[in-house]
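A quick write-up on the structure given underneath.
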Amino acid sequence: MFYFLPDWQQSENFWENTAEPWYRETRKIEFDDTINQLRMLIKANQSSKMLILSYSPFLRSFLQRQDILGVNSFNAFDVIQGINLKYMRSLNFTDLNWPTDIEFSYTPFLVIARRQDQLYARIEFASNGRLLKIIRFLNDKSSETLLFDDRGFLSSLIYQNKSISEKQQTFFDLNGNWRIKVNYPAMNVEVNPNFYTEFMQKKYDNIEELIVEKFCQYLTKCFSKKDTLIVAAAERQINLVNKIDLPRKQVVFSFFAQRQDIDKQQIVKLTKKAATFIADTDKTVSQLNSISSHTDYPAEVVQISPFDSRLELGHSQQVKKLKILLLVNRLDISDQKPVLSELIKTMKQNQLIELVLVDYQNTQTYWKKVVQQVIQQQKAEDLFVFADQQQIVSKVKNENDFNSTKRKIIWCFLQSEEDVIRQLSDTRLVIDLAKEPDLFLQIASISAGIPQINQVKTSYVEDHKNGLIIKKIDQLKQAVNFYLVGLTNWNQALVYAAKRISEYSSKNLIKKWQKISKEAE
């Protein structure tokens, strides 16, 4: 069986992963290596289990968004709190025990409870509409916060002392009995005397000690010689793994380029804990090999894409326009204006080209300024204008920005995987000239059969096969015309991409995981 130790914490506290109210949540790509590894194993009916060591009362809501709700899991705080529920249940805040003279005011964001014209509580909800927390007030100051679990019960209560930093968090079971109390900022733990038999100590110097205790107990009981532990290579998870004792051949660290930079000293220590490293990109493979090969315990570095391909070819050949998708994320500042300049020159010669700039961060204001400067340099103010795709979709018109006689250079903020797939559906060509091309976009483009233009050679794009590798920016115009003038080169790239799809299919990626598991045995 594969056991996964993910890195999904959002809080500064390494052990805490609580959700935000729906109006504070920002849509973003939550995708990481562990999520897709679990997705693939589920589809392949491979035995796998998540090890959740952080306090995550809204874990199931997160798993549901990622389509991995059905994965088996060990939850350290469920053990600590004595919880055995698996499924979400609805809980209506009006069913709670409120004073008889309470009055509720419903706002577009939350519900406010007042008593005798005084603020009594704020009721907050998660993005899926479930009760998230209730903040109680005393003399218009917050006094305590009730945190609810998405399975429909009060999970913990945070009591606020006079000092902002001094507070106590009490964790409950399903019967409302408190199990442990955590005191901030020292983070020491007090155990309810009624439950001493379920813990090895009556008090803990810090919460990490208790988590490690439950983690080790579970591994001792359930982890066998045929099992493999896959650890997301993040500082918090690494620190926890360093406190447990497992055979080196049964531990695998998974490196995800978008998670954190590689630390040489840390990698040297990790080679003593794990016999295998999983890497997502060519750059990561090279870095890990260069470090690991010079240690006393060299680890085998295996490249496995965290993203699987699916045969979902786009339909750009069915539309007249020639849409170019330019990923501006991590594009060097020195390359930004030259790249745009070359593309605008190409657009002047080909009236069918439509340019869409995409980014995973909301940098619209910055890129609007850059695009306008390049348009002025090209003396093309009468031909092109910067436009936000969201404004175009919502039909927000402005006579300066949406002049119908001008061709639009469109800006698009990608906030989810669905946004990426949607953009690729009618894209003819993808351009990513960053020093490290975006892996998800590369695999998604292969799946859609779209050729790509990069500056860096990777194992995902082969020159003159499913894309072009250019050495200089002034080669960009020629590379664009290679695929957009006529369909011969584009069709050849489509055929080759279709062949590559099987290489990164779930089936083939699973074979690599199975090989790692057999070697561990």
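We name chains A, B, ... following the order of the structure tokens; residues begin at 1 in each chain, and ligands are numbered from 1 as shown.
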Region 290-302 of chain A environment, 10 Å, only C-alpha atoms, sequence neighbours closer than 3 positions dropped, as a ChimeraX atom specification: /A:248-249,252-254,263-265,267-280,284-287,305,512-513,516
Shell around Lys243 (chain A) at 9 Å using only C-alpha atoms, local window under 3 positions removed, as a PyMOL selection string: chain A and resi 212+216+238-240
Neighbour list for Thr346 (chain A) as a list in words, cut-off 10 Å, only C-alpha atoms, skip fewer than 5 positions in-chain: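 Once the adjacent positions are removed, what remains is Leu340, Ser341, Gln351, Ile353, Leu476, Lys477, Gln478, Val480 and Asn481 of chain A.
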Give one line per residue of region 397-436 of chain A that approaches region 61-84 of chain A to at most 12 Å, naming the two atoms of the closest pair and their distance in Å to one decimal, counting only C-alpha atoms; sort by chain then ascending residue number and deliver it as JSON lines.
{"residue": "A:Ser416", "atom": "CA", "partner": "A:Gln66", "partner_atom": "CA", "distance": 11.1}
{"residue": "A:Glu417", "atom": "CA", "partner": "A:Gln66", "partner_atom": "CA", "distance": 10.4}
{"residue": "A:Glu418", "atom": "CA", "partner": "A:Gln66", "partner_atom": "CA", "distance": 11.7}
Those of region 274-367 of chain A in DSSP alpha helix (DSSP H), formatted as a ChimeraX atom specification: /A:282-292,333-349,364-367
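What separates CA of Lys406 (chain A) from CA of Gln372 (chain A) is a distance of 13.3 Å.
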Distance query Tyr87 (chain A) at most 9 Å, only C-alpha atoms, self and fewer than 5 positions along chain excluded, as a PyMOL selection string: chain A and resi 60+150-151
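CA of Lys203 (chain A) lies 12.8 Å from CA of Ala186 (chain A).
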Nearby residues (only C-alpha atoms) at most 9 Å from Leu147 (chain A), same-chain spacing under 4 positions excluded, as a list in words: Thr18, Pro57, Leu131, Leu132, Lys133, Ile134, Ile135, Phe153, Leu154, Ser155, Ser156, Leu157 and Ile158 of chain A
